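Participant: Take this structure first; my questions come after.
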Amino acid sequence: MGITIIGYIAGTLTTFASLPQLLKSLKERNMENISLAFVVTFTTGLTLWLIYGILRNDYPIIVFNILSLMFWIPITYLKIKDVLENKGSKSELIT
């Protein structure tokens with residue numbers, strides 16, 4: 001039980017650490033200082049952690065990766081949209 005509580009505390013801290021970035025990105029609609037490679041890699045990692053948690057039936061991993069994806073999918077969308085529309089460089093699609 002104690003280990004599960006540690007998982008929920010860690011999940012809460014790491015998940016909600018992303019909230020300020022999401023709010024800033026939505027408010028300013030400025031994604032220039034966020035790396036596309038980071039966003040895509042991080043979102044993919046969260047997705048894989050979610051799959052891992054589901055396969056292990058590990059509720060803290062499942063819950064907090066779902067919540068994290070709720071923050072990072074919009075950030076990923078905004079960054080890709082920014083790169084494709086006008087602000088990003090073509091080389092950023094590769095790196």
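Naming works like this for the structure tokens: A, B, ... for the chains as they're shown, residue 1 at the start of each chain, ligands 1 onward in shown order.
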Please provide as a ChimeraX atom specification all residues within 10 Å of range 50-64 of chain A, with the sequence filter that same-chain residues fewer than 4 positions apart are discarded (counting only C-alpha atoms).

Facilitator: /A:4-16,44-46,68-70

Participant: For a test of reading the model, state the distance in Å between CA of Asn30 in chain A and CA of Ile80 in chain A, rounded to one decimal.

Facilitator: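 Straight-line distance from CA of Asn30 in chain A to CA of Ile80 in chain A works out to 11.8 Å.
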
Participant: One decimal, in Å: what's the spacing between CA of Ser18 in chain A and CA of Phe71 in chain A?

Facilitator: 6.8 Å

Participant: Extract, using only C-alpha atoms, all DNA, RNA and protein residues at most 8 Å from Thr43 in chain A, discarding same-chain residues fewer than 4 positions from it, and format them as a PyMOL selection string.

Facilitator: chain A and resi 39+47+69+72-73+76

Participant: Limited to N, CA and C atoms, could you put the picked residues into a file as a tab-separated table (two decimals), in the first residue's frame?

Facilitator:
chain	number	residue	atom	x	y	z
A	39	VAL	N	8.67	17.37	-27.85
A	39	VAL	CA	7.24	17.18	-27.67
A	39	VAL	C	6.78	15.82	-28.20
A	47	THR	N	2.66	7.70	-23.99
A	47	THR	CA	1.78	6.69	-24.57
A	47	THR	C	2.29	5.29	-24.26
A	69	LEU	N	-1.18	12.74	-20.79
A	69	LEU	CA	-1.51	12.81	-22.22
A	69	LEU	C	-2.58	13.85	-22.49
A	72	TRP	N	-0.40	16.86	-22.82
A	72	TRP	CA	0.61	16.88	-23.86
A	72	TRP	C	0.08	16.67	-25.27
A	73	ILE	N	-1.07	16.05	-25.43
A	73	ILE	CA	-1.64	15.93	-26.78
A	73	ILE	C	-1.99	17.31	-27.34
A	76	THR	N	1.29	19.00	-28.23
A	76	THR	CA	1.84	18.39	-29.45
A	76	THR	C	1.10	18.90	-30.68

Participant: From a DSSP calculation on the backbone, collect every residue of chain A in helix (DSSP H, G or I) and output the set as a tab-separated table (two decimals) with N, CA and C atoms, in the first residue's frame.

Facilitator:
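Result written to states_34.tsv:
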chain	number	residue	atom	x	y	z
A	2	GLY	N	1.93	1.28	0.78
A	2	GLY	CA	2.81	2.44	0.84
A	2	GLY	C	3.47	2.74	-0.49
A	3	ILE	N	3.82	1.68	-1.23
A	3	ILE	CA	4.44	1.87	-2.54
A	3	ILE	C	3.44	2.51	-3.49
A	4	THR	N	2.20	2.11	-3.43
A	4	THR	CA	1.16	2.69	-4.29
A	4	THR	C	0.97	4.17	-3.98
A	5	ILE	N	1.01	4.52	-2.70
A	5	ILE	CA	0.87	5.94	-2.32
A	5	ILE	C	2.03	6.75	-2.90
A	6	ILE	N	3.25	6.21	-2.83
A	6	ILE	CA	4.39	6.88	-3.43
A	6	ILE	C	4.15	7.07	-4.93
A	7	GLY	N	3.60	6.07	-5.60
A	7	GLY	CA	3.29	6.17	-7.02
A	7	GLY	C	2.29	7.28	-7.31
A	8	TYR	N	1.26	7.39	-6.47
A	8	TYR	CA	0.27	8.44	-6.68
A	8	TYR	C	0.85	9.83	-6.42
A	9	ILE	N	1.70	9.96	-5.42
A	9	ILE	CA	2.33	11.26	-5.15
A	9	ILE	C	3.27	11.64	-6.30
A	10	ALA	N	4.11	10.69	-6.73
A	10	ALA	CA	5.01	10.96	-7.85
A	10	ALA	C	4.24	11.30	-9.11
A	11	GLY	N	3.19	10.55	-9.37
A	11	GLY	CA	2.37	10.81	-10.55
A	11	GLY	C	1.72	12.18	-10.52
A	12	THR	N	1.24	12.58	-9.36
A	12	THR	CA	0.62	13.90	-9.21
A	12	THR	C	1.64	15.00	-9.51
A	13	LEU	N	2.81	14.88	-8.92
A	13	LEU	CA	3.83	15.92	-9.11
A	13	LEU	C	4.30	16.00	-10.56
A	14	THR	N	4.61	14.86	-11.16
A	14	THR	CA	5.14	14.90	-12.53
A	14	THR	C	4.06	15.26	-13.55
A	15	THR	N	2.85	14.83	-13.31
A	15	THR	CA	1.77	15.15	-14.24
A	15	THR	C	1.43	16.63	-14.21
A	16	PHE	N	1.24	17.17	-13.05
A	16	PHE	CA	0.80	18.55	-12.96
A	16	PHE	C	1.94	19.55	-13.15
A	19	LEU	N	1.20	21.23	-16.45
A	19	LEU	CA	0.05	22.13	-16.57
A	19	LEU	C	0.44	23.58	-16.87
A	20	PRO	N	1.44	24.16	-16.21
A	20	PRO	CA	1.81	25.54	-16.56
A	20	PRO	C	2.22	25.71	-18.03
A	21	GLN	N	2.94	24.71	-18.58
A	21	GLN	CA	3.34	24.79	-19.98
A	21	GLN	C	2.12	24.76	-20.90
A	22	LEU	N	1.17	23.90	-20.60
A	22	LEU	CA	-0.05	23.82	-21.40
A	22	LEU	C	-0.81	25.14	-21.35
A	23	LEU	N	-0.99	25.69	-20.16
A	23	LEU	CA	-1.73	26.94	-20.02
A	23	LEU	C	-1.03	28.09	-20.74
A	24	LYS	N	0.30	28.15	-20.60
A	24	LYS	CA	1.06	29.20	-21.29
A	24	LYS	C	0.95	29.04	-22.80
A	25	SER	N	1.06	27.81	-23.28
A	25	SER	CA	0.98	27.56	-24.72
A	25	SER	C	-0.39	27.93	-25.27
A	26	LEU	N	-1.44	27.58	-24.55
A	26	LEU	CA	-2.79	27.90	-25.00
A	26	LEU	C	-3.04	29.41	-24.95
A	27	LYS	N	-2.57	30.06	-23.91
A	27	LYS	CA	-2.79	31.49	-23.75
A	27	LYS	C	-2.04	32.30	-24.81
A	28	GLU	N	-0.77	32.00	-24.99
A	28	GLU	CA	0.06	32.80	-25.88
A	28	GLU	C	0.05	32.33	-27.32
A	36	LEU	N	10.06	20.54	-31.25
A	36	LEU	CA	9.14	19.55	-31.81
A	36	LEU	C	9.62	18.14	-31.47
A	37	ALA	N	10.92	17.91	-31.57
A	37	ALA	CA	11.46	16.58	-31.26
A	37	ALA	C	11.17	16.20	-29.81
A	38	PHE	N	11.31	17.15	-28.89
A	38	PHE	CA	11.01	16.88	-27.48
A	38	PHE	C	9.54	16.54	-27.30
A	39	VAL	N	8.67	17.37	-27.85
A	39	VAL	CA	7.24	17.18	-27.67
A	39	VAL	C	6.78	15.82	-28.20
A	40	VAL	N	7.21	15.49	-29.41
A	40	VAL	CA	6.80	14.21	-30.01
A	40	VAL	C	7.39	13.03	-29.23
A	41	THR	N	8.66	13.13	-28.86
A	41	THR	CA	9.29	12.05	-28.10
A	41	THR	C	8.64	11.87	-26.74
A	42	PHE	N	8.38	12.97	-26.05
A	42	PHE	CA	7.78	12.90	-24.72
A	42	PHE	C	6.37	12.33	-24.79
A	43	THR	N	5.57	12.79	-25.75
A	43	THR	CA	4.20	12.29	-25.89
A	43	THR	C	4.20	10.81	-26.26
A	44	THR	N	5.12	10.40	-27.10
A	44	THR	CA	5.25	8.98	-27.43
A	44	THR	C	5.63	8.17	-26.19
A	45	GLY	N	6.55	8.70	-25.40
A	45	GLY	CA	6.94	8.03	-24.16
A	45	GLY	C	5.78	7.89	-23.19
A	46	LEU	N	4.97	8.93	-23.05
A	46	LEU	CA	3.80	8.85	-22.19
A	46	LEU	C	2.83	7.77	-22.68
A	47	THR	N	2.66	7.70	-23.99
A	47	THR	CA	1.78	6.69	-24.57
A	47	THR	C	2.29	5.29	-24.26
A	48	LEU	N	3.60	5.09	-24.39
A	48	LEU	CA	4.19	3.78	-24.09
A	48	LEU	C	4.09	3.45	-22.60
A	49	TRP	N	4.28	4.46	-21.72
A	49	TRP	CA	4.09	4.23	-20.29
A	49	TRP	C	2.65	3.82	-20.00
A	50	LEU	N	1.70	4.44	-20.68
A	50	LEU	CA	0.29	4.08	-20.50
A	50	LEU	C	0.06	2.63	-20.89
A	51	ILE	N	0.57	2.23	-22.03
A	51	ILE	CA	0.43	0.84	-22.48
A	51	ILE	C	1.06	-0.10	-21.47
A	52	TYR	N	2.26	0.25	-20.99
A	52	TYR	CA	2.96	-0.55	-19.99
A	52	TYR	C	2.10	-0.68	-18.72
A	53	GLY	N	1.55	0.43	-18.26
A	53	GLY	CA	0.70	0.40	-17.06
A	53	GLY	C	-0.52	-0.46	-17.24
A	54	ILE	N	-1.13	-0.39	-18.43
A	54	ILE	CA	-2.30	-1.22	-18.71
A	54	ILE	C	-1.91	-2.70	-18.69
A	55	LEU	N	-0.79	-3.03	-19.34
A	55	LEU	CA	-0.35	-4.42	-19.38
A	55	LEU	C	0.01	-4.95	-18.00
A	56	ARG	N	0.50	-4.09	-17.13
A	56	ARG	CA	0.87	-4.50	-15.76
A	56	ARG	C	-0.29	-4.31	-14.78
A	59	TYR	N	-2.39	0.86	-11.61
A	59	TYR	CA	-3.29	2.01	-11.67
A	59	TYR	C	-2.61	3.37	-11.58
A	60	PRO	N	-1.60	3.57	-10.72
A	60	PRO	CA	-0.96	4.89	-10.74
A	60	PRO	C	-0.34	5.23	-12.10
A	61	ILE	N	0.29	4.25	-12.73
A	61	ILE	CA	0.87	4.50	-14.05
A	61	ILE	C	-0.21	4.79	-15.07
A	62	ILE	N	-1.30	4.06	-15.02
A	62	ILE	CA	-2.41	4.27	-15.96
A	62	ILE	C	-3.02	5.66	-15.77
A	63	VAL	N	-3.39	5.95	-14.54
A	63	VAL	CA	-4.10	7.21	-14.24
A	63	VAL	C	-3.26	8.42	-14.63
A	64	PHE	N	-2.01	8.44	-14.20
A	64	PHE	CA	-1.22	9.65	-14.40
A	64	PHE	C	-0.72	9.80	-15.83
A	65	ASN	N	-0.58	8.71	-16.55
A	65	ASN	CA	-0.21	8.86	-17.96
A	65	ASN	C	-1.40	9.28	-18.79
A	66	ILE	N	-2.59	8.88	-18.43
A	66	ILE	CA	-3.79	9.40	-19.10
A	66	ILE	C	-3.88	10.91	-18.86
A	67	LEU	N	-3.72	11.32	-17.61
A	67	LEU	CA	-3.78	12.76	-17.29
A	67	LEU	C	-2.67	13.53	-18.02
A	68	SER	N	-1.46	12.99	-18.02
A	68	SER	CA	-0.36	13.66	-18.71
A	68	SER	C	-0.64	13.79	-20.20
A	69	LEU	N	-1.18	12.74	-20.79
A	69	LEU	CA	-1.51	12.81	-22.22
A	69	LEU	C	-2.58	13.85	-22.49
A	70	MET	N	-3.48	14.05	-21.53
A	70	MET	CA	-4.49	15.10	-21.70
A	70	MET	C	-3.84	16.48	-21.78
A	71	PHE	N	-2.68	16.66	-21.16
A	71	PHE	CA	-1.95	17.92	-21.24
A	71	PHE	C	-1.07	17.96	-22.50
A	72	TRP	N	-0.40	16.86	-22.82
A	72	TRP	CA	0.61	16.88	-23.86
A	72	TRP	C	0.08	16.67	-25.27
A	73	ILE	N	-1.07	16.05	-25.43
A	73	ILE	CA	-1.64	15.93	-26.78
A	73	ILE	C	-1.99	17.31	-27.34
A	74	PRO	N	-2.62	18.20	-26.56
A	74	PRO	CA	-2.86	19.55	-27.10
A	74	PRO	C	-1.56	20.32	-27.37
A	75	ILE	N	-0.56	20.16	-26.51
A	75	ILE	CA	0.72	20.83	-26.75
A	75	ILE	C	1.34	20.31	-28.05
A	76	THR	N	1.29	19.00	-28.23
A	76	THR	CA	1.84	18.39	-29.45
A	76	THR	C	1.10	18.90	-30.68
A	77	TYR	N	-0.21	18.96	-30.59
A	77	TYR	CA	-1.01	19.46	-31.71
A	77	TYR	C	-0.63	20.90	-32.03
A	78	LEU	N	-0.56	21.75	-31.00
A	78	LEU	CA	-0.23	23.16	-31.24
A	78	LEU	C	1.17	23.31	-31.84
A	79	LYS	N	2.12	22.50	-31.38
A	79	LYS	CA	3.48	22.61	-31.91
A	79	LYS	C	3.54	22.17	-33.37
A	80	ILE	N	2.93	21.05	-33.69
A	80	ILE	CA	2.92	20.58	-35.08
A	80	ILE	C	2.21	21.59	-35.97
A	81	LYS	N	1.09	22.11	-35.50
A	81	LYS	CA	0.35	23.12	-36.26
A	81	LYS	C	1.23	24.36	-36.48
A	82	ASP	N	1.93	24.78	-35.45
A	82	ASP	CA	2.82	25.94	-35.55
A	82	ASP	C	3.91	25.71	-36.59
A	83	VAL	N	4.53	24.55	-36.55
A	83	VAL	CA	5.61	24.24	-37.50
A	83	VAL	C	5.07	24.20	-38.92
A	84	LEU	N	3.92	23.58	-39.12
A	84	LEU	CA	3.38	23.41	-40.47
A	84	LEU	C	2.82	24.71	-41.05
A	85	GLU	N	2.28	25.57	-40.20
A	85	GLU	CA	1.65	26.79	-40.71
A	85	GLU	C	2.66	27.84	-41.12
A	90	LYS	N	11.36	24.32	-41.74
A	90	LYS	CA	11.23	22.97	-42.28
A	90	LYS	C	12.19	22.02	-41.59
A	91	SER	N	13.38	22.50	-41.23
A	91	SER	CA	14.35	21.62	-40.58
A	91	SER	C	13.85	21.14	-39.22
A	92	GLU	N	12.94	21.88	-38.60
A	92	GLU	CA	12.43	21.47	-37.29
A	92	GLU	C	11.56	20.22	-37.41
A	93	LEU	N	10.99	19.98	-38.56
A	93	LEU	CA	10.20	18.77	-38.76
A	93	LEU	C	11.08	17.53	-38.68
A	94	ILE	N	12.34	17.69	-38.99
A	94	ILE	CA	13.26	16.56	-39.00
A	94	ILE	C	13.95	16.40	-37.66
